[in-house]
$ cat input-v7.txt   # compact mmCIF, C-alpha atoms
# COMPACT_ATOMS: atom_id res chain seq x y z
CA MET A 4 1.35 45.10 -29.86
CA SER A 5 -2.45 45.07 -29.94
CA GLY A 6 -4.47 43.46 -27.18
CA ASN A 7 -5.82 40.89 -29.61
CA LEU A 8 -2.32 39.79 -30.62
CA VAL A 9 -1.25 39.49 -26.98
CA ILE A 10 -4.20 37.23 -26.28
CA GLN A 11 -3.40 35.11 -29.35
CA ASN A 12 0.18 34.66 -28.16
CA ILE A 13 -0.92 33.72 -24.65
CA PHE A 14 -3.44 31.18 -25.88
CA GLY A 15 -0.94 29.93 -28.43
CA GLU A 16 1.33 29.02 -25.52
CA PHE A 17 -1.61 27.36 -23.77
CA GLN A 18 -2.25 25.23 -26.86
CA LYS A 19 1.42 24.27 -27.03
CA CYS A 20 1.31 23.07 -23.39
CA LEU A 21 -1.91 21.14 -24.05
CA ASP A 22 -0.41 19.47 -27.12
CA GLU A 23 2.73 18.46 -25.21
CA GLU A 24 0.66 17.04 -22.37
CA GLN A 25 -1.52 15.11 -24.80
CA GLU A 26 1.57 13.65 -26.47
CA LEU A 27 2.93 12.57 -23.09
CA ARG A 28 -0.39 11.00 -22.13
CA GLU A 29 -0.35 9.04 -25.36
CA VAL A 30 3.16 7.77 -24.62
CA ILE A 31 2.07 6.74 -21.11
CA ARG A 32 -1.07 5.05 -22.43
CA ASN A 33 0.94 3.00 -24.94
CA ILE A 34 3.40 1.85 -22.28
CA CYS A 35 0.59 0.97 -19.87
CA ARG A 36 -1.20 -0.95 -22.61
CA GLU A 37 1.87 -3.15 -23.10
CA VAL A 38 2.48 -3.66 -19.39
CA ASP A 39 -1.19 -4.37 -18.71
CA ALA A 40 -1.20 -7.06 -21.39
CA ILE A 41 1.59 -8.81 -19.48
CA SER A 42 -0.49 -8.72 -16.28
CA ARG A 43 -3.34 -10.46 -18.08
CA ALA A 44 -0.91 -13.13 -19.26
CA VAL A 45 0.26 -13.66 -15.67
CA THR A 46 -3.35 -13.93 -14.51
CA THR A 47 -3.99 -16.65 -17.08
CA VAL A 48 -0.83 -18.53 -16.12
CA LEU A 49 -1.70 -18.55 -12.41
CA GLN A 50 -5.21 -19.90 -12.95
CA VAL A 51 -3.64 -23.36 -12.91
CA ILE A 52 -3.56 -23.17 -9.10
CA HIS A 53 -7.28 -23.85 -9.00
CA TYR A 54 -7.21 -27.18 -10.77
CA ASN A 55 -3.67 -28.61 -10.91
CA GLU A 56 -1.45 -28.78 -7.84
CA ALA A 57 1.51 -30.07 -9.85
CA GLY A 58 1.33 -27.05 -12.13
CA ILE A 59 1.76 -24.44 -9.38
CA ALA A 60 5.57 -24.39 -9.25
CA PRO A 61 6.00 -24.11 -13.05
CA ALA A 62 3.31 -21.41 -13.12
CA CYS A 63 5.15 -19.37 -10.48
CA LEU A 64 8.37 -19.68 -12.48
CA GLU A 65 6.63 -18.47 -15.63
CA ALA A 66 5.01 -15.63 -13.70
CA ARG A 67 8.45 -14.55 -12.47
CA GLN A 68 9.69 -14.39 -16.05
CA LEU A 69 6.71 -12.25 -17.05
CA PHE A 70 7.31 -9.94 -14.09
CA GLU A 71 10.77 -9.25 -15.53
CA LYS A 72 9.13 -8.06 -18.74
CA ALA A 73 6.72 -5.92 -16.74
CA LYS A 74 9.67 -4.46 -14.86
CA ASP A 75 11.08 -3.19 -18.15
CA GLY A 76 7.74 -1.51 -18.82
CA TYR A 77 7.76 0.22 -15.44
CA VAL A 78 11.27 1.46 -16.15
CA LYS A 79 9.91 3.06 -19.33
CA LEU A 80 7.08 4.62 -17.35
CA LYS A 81 9.47 5.95 -14.75
CA THR A 82 11.55 7.51 -17.53
CA ALA A 83 8.55 9.01 -19.36
CA VAL A 84 6.80 10.58 -16.37
CA PRO A 85 8.35 13.81 -15.03
CA PRO A 86 9.36 13.38 -11.35
CA THR A 87 6.99 16.15 -10.26
CA ASP A 88 3.98 14.78 -12.16
CA TYR A 89 3.52 11.30 -10.64
CA TYR A 90 0.10 12.05 -9.17
CA LYS A 91 -0.98 14.00 -12.25
CA TYR A 92 -0.81 10.87 -14.42
CA GLN A 93 -1.30 8.16 -11.77
CA ASP A 94 -4.76 7.18 -12.97
CA HIS A 95 -3.18 5.70 -16.09
CA TRP A 96 -1.39 2.95 -14.13
CA ARG A 97 -3.20 2.80 -10.77
CA PHE A 98 -5.46 -0.19 -11.43
CA MET A 99 -2.76 -1.98 -13.41
CA THR A 100 -0.34 -1.58 -10.51
CA GLN A 101 -2.94 -2.84 -8.03
CA ARG A 102 -3.28 -5.95 -10.19
CA TYR A 103 0.48 -6.46 -10.21
CA CYS A 104 0.61 -6.07 -6.42
CA TYR A 105 -1.98 -8.84 -6.16
CA LEU A 106 -0.24 -11.11 -8.71
CA ILE A 107 3.21 -10.68 -7.16
CA SER A 108 1.79 -11.25 -3.67
CA LEU A 109 -0.01 -14.38 -4.87
CA THR A 110 3.14 -15.75 -6.50
CA ILE A 111 5.24 -15.18 -3.39
CA TRP A 112 2.57 -16.74 -1.18
CA LEU A 113 2.42 -19.81 -3.41
CA GLU A 114 6.22 -20.09 -3.34
CA LYS A 115 6.88 -19.38 0.33
CA GLY A 116 3.55 -19.09 2.17
CA ILE A 117 4.37 -15.56 3.37
CA MET A 118 3.12 -12.04 2.78
CA ALA A 119 5.06 -10.09 0.16
CA SER A 120 6.26 -6.86 1.72
CA HIS A 121 5.70 -3.45 0.18
CA GLU A 122 9.43 -3.22 -0.50
CA THR A 123 9.56 -6.65 -2.16
CA VAL A 124 6.68 -5.89 -4.52
CA ALA A 125 8.28 -2.56 -5.46
CA GLU A 126 11.58 -4.34 -6.11
CA VAL A 127 9.94 -6.86 -8.43
CA LEU A 128 8.43 -3.97 -10.39
CA GLY A 129 11.71 -2.07 -10.38
CA ILE A 130 10.33 1.06 -8.74
CA SER A 131 10.88 2.86 -5.45
CA ALA A 132 9.08 1.69 -2.32
CA VAL A 133 9.53 5.07 -0.64
CA GLU A 134 6.39 7.18 -0.54
CA GLU A 135 7.63 10.39 -2.12
CA LYS A 136 6.16 13.73 -3.10
CA GLU A 137 8.16 13.50 -6.29
CA GLY A 138 9.32 10.56 -8.38
CA PHE A 139 7.82 7.26 -9.50
CA HIS A 140 7.05 4.91 -6.59
CA LEU A 141 4.71 2.18 -5.38
CA ASP A 142 1.77 3.86 -3.69
CA ILE A 143 0.94 2.19 -0.36
CA GLU A 144 -2.78 2.23 -1.10
CA ASP A 145 -2.22 0.33 -4.37
CA TYR A 146 -0.15 -2.24 -2.47
CA LEU A 147 -2.84 -2.69 0.21
CA ILE A 148 -5.59 -3.15 -2.37
CA GLY A 149 -3.39 -5.77 -4.00
CA LEU A 150 -3.28 -7.65 -0.68
CA LEU A 151 -7.07 -7.45 -0.36
CA ASN A 152 -7.45 -8.85 -3.87
CA LEU A 153 -5.07 -11.63 -2.85
CA CYS A 154 -7.44 -12.58 -0.01
CA SER A 155 -10.32 -12.90 -2.47
CA GLU A 156 -8.28 -15.18 -4.71
CA LEU A 157 -7.18 -17.31 -1.75
CA SER A 158 -10.77 -17.73 -0.59
CA ARG A 159 -11.54 -19.12 -4.04
CA LEU A 160 -8.47 -21.34 -3.85
CA ALA A 161 -9.62 -22.72 -0.47
CA VAL A 162 -12.83 -23.98 -2.05
CA ASN A 163 -11.13 -25.43 -5.12
CA SER A 164 -8.44 -27.11 -3.01
CA VAL A 165 -11.11 -29.10 -1.18
CA THR A 166 -12.68 -30.06 -4.50
CA ARG A 167 -9.44 -31.71 -5.59
CA GLY A 168 -8.91 -33.39 -2.21
CA ASP A 169 -6.27 -31.05 -0.74
CA TYR A 170 -7.34 -30.48 2.88
CA ASN A 171 -4.08 -28.88 4.03
CA ARG A 172 -4.32 -25.82 1.82
CA PRO A 173 -7.52 -24.37 3.35
CA LEU A 174 -5.93 -24.42 6.82
CA GLN A 175 -2.85 -22.65 5.48
CA ILE A 176 -5.05 -20.08 3.74
CA SER A 177 -7.22 -19.59 6.82
CA LYS A 178 -4.25 -18.83 9.07
CA PHE A 179 -2.71 -16.42 6.56
CA VAL A 180 -5.92 -14.50 5.78
CA MET A 181 -6.80 -14.24 9.47
CA GLU A 182 -3.40 -12.68 10.14
CA LEU A 183 -3.86 -10.24 7.24
CA ASN A 184 -7.33 -9.37 8.48
CA ALA A 185 -5.93 -8.60 11.92
CA GLY A 186 -3.25 -6.42 10.34
CA PHE A 187 -5.77 -4.40 8.33
CA ARG A 188 -7.81 -3.80 11.47
CA LEU A 189 -4.85 -1.90 12.89
CA LEU A 190 -5.25 0.70 10.15
CA ASN A 191 -7.46 3.74 10.58
CA LEU A 192 -8.97 3.65 7.11
CA LYS A 193 -11.08 6.54 5.87
CA ASN A 194 -14.34 6.13 3.99
CA ASP A 195 -12.84 5.76 0.52
CA HIS A 196 -12.12 3.04 -2.02
CA LEU A 197 -9.64 1.27 0.24
CA ARG A 198 -12.10 1.27 3.14
CA LYS A 199 -14.87 -0.15 0.96
CA ARG A 200 -12.54 -2.81 -0.37
CA PHE A 201 -11.50 -3.72 3.17
CA ASP A 202 -15.16 -4.04 4.18
CA ALA A 203 -15.49 -6.79 1.56
CA LEU A 204 -12.71 -8.78 3.27
CA LYS A 205 -15.18 -10.06 5.85
CA TYR A 206 -16.94 -12.03 3.11
CA ASP A 207 -13.67 -13.68 2.08
CA VAL A 208 -12.96 -14.52 5.73
CA LYS A 209 -16.45 -15.97 6.13
CA LYS A 210 -16.09 -18.12 3.01
CA ILE A 211 -12.78 -19.54 4.24
CA GLU A 212 -14.19 -20.18 7.73
CA GLU A 213 -17.09 -22.09 6.19
CA VAL A 214 -14.68 -24.28 4.22
CA VAL A 215 -12.63 -25.09 7.32
CA TYR A 216 -15.79 -25.69 9.38
CA ASP A 217 -17.17 -28.06 6.74
CA LEU A 218 -13.91 -30.02 6.76
CA SER A 219 -14.07 -30.16 10.54
CA ILE A 220 -17.58 -31.57 10.83
CA ARG A 221 -16.79 -34.11 8.12
CA GLY A 222 -13.65 -35.22 9.98
CA LEU A 223 -11.39 -34.29 7.09
CA LEU A 224 -9.14 -31.80 8.85
CA PRO A 225 -5.51 -32.98 8.76
CA LYS A 226 -3.82 -33.70 12.06
CA THR A 227 -1.51 -30.94 13.25
CA ASP A 228 1.76 -30.99 15.17
CA GLU A 229 2.38 -29.13 18.42
CA ASP A 230 2.94 -25.85 16.51
CA GLY A 231 -0.40 -26.14 14.77
CA ALA A 232 1.12 -26.94 11.36
CA ALA A 233 -0.55 -29.61 9.27
CA GLN A 234 1.44 -32.83 9.14
CA PRO A 235 2.30 -34.09 5.65
CA GLY A 236 0.40 -37.02 4.31
CA ASN A 237 -2.84 -36.20 6.14
$ encode --input "input-v7.txt" --output "structure tokens"
Amino acid sequence: MSGNLVIQNIFGEFQKCLDEEQELREVIRNICREVDAISRAVTTVLQVIHYNEAGIAPACLEARQLFEKAKDGYVKLKTAVPPTDYYKYQDHWRFMTQRYCYLISLTIWLEKGIMASHETVAEVLGISAVEEKEGFHLDIEDYLIGLLNLCSELSRLAVNSVTRGDYNRPLQISKFVMELNAGFRLLNLKNDHLRKRFDALKYDVKKIEEVVYDLSIRGLLPKTDEDGAAQPGN
């Protein structure tokens, strides 16, 4: 066999591998496109929290139904992506997953007033919460960025709650975001995207503090019980 033919065979195999990878990327892109569209629908549904208190519970219920559809999409992704190639293709779903972490965390906070755990968010998406070298899972960094995005949305909600005369909500938001802020300060974050996003948290905290301070000087803060919880009807 001539040297030229050997080279042709070798590069023919290279082309075959490139074609197969391109086909897989196209499959992943199509799945992500469908799942991402669902996330945008959830975002639209949850915007009601900023102007209609009565619409929050129905919006959370609808969001839950949409999360089930997204879960089916993540199952397709998990099936399509080879277990050893999670990080090779992660950029296709990274930002979409960060958005879902934020939306799921927001929904759970609206329902229960608590932080959604890493395991809970992974369960809603139907993927593993275990940080693995192989296999499809919920990356911890994506989850943390979702929580930081939640803080930004809650700072906006604090302002809009006051606008519609709800003075309890900003106090609830303030306590929750302060606790999250304290938690993030326990992490030794490197100078990367997560660190930069965490640095922006101080502006969300400041905005919420200004809302609570304004309510205080105007005498609009609701009375609290001995545990510091706002009493209903105030």
$ atom_distance --input "input-v7.txt" --atom1 "atom CA of A:Cys35" --atom2 "atom CA of A:Thr87"
19.1 Å
$ atom_distance --input "input-v7.txt" --atom1 "atom CA of A:Gln175" --atom2 "atom CA of A:Leu157"
10.0 Å
$ closest_residue --input "input-v7.txt" --among "A:Leu64, A:Val133, A:Leu204, A:Ala125" --to "A:Val78" --atoms "all atoms listed in the file"
A:Ala125
$ atom_distance --input "input-v7.txt" --atom1 "atom CA of A:Phe70" --atom2 "atom CA of A:Ile41"
7.9 Å
$ closest_residue --input "input-v7.txt" --among "A:Leu21, A:Val45, A:Leu147, A:Cys104" --to "A:Val127" --atoms "all atoms listed in the file"
A:Cys104
$ closest_residue --input "input-v7.txt" --among "A:Arg159, A:Lys72, A:Arg43, A:Lys178" --to "A:Asp207" --atoms "only C-alpha atoms"
A:Arg159
$ residues_around --input "input-v7.txt" --residues "stretch 27-31 of chain A" --least-positions-apart "3" --cutoff "12 Å" --atoms "only C-alpha atoms" --output "number ranges by chain"
A: 20-24, 34-39, 76-85, 88-89, 91-96
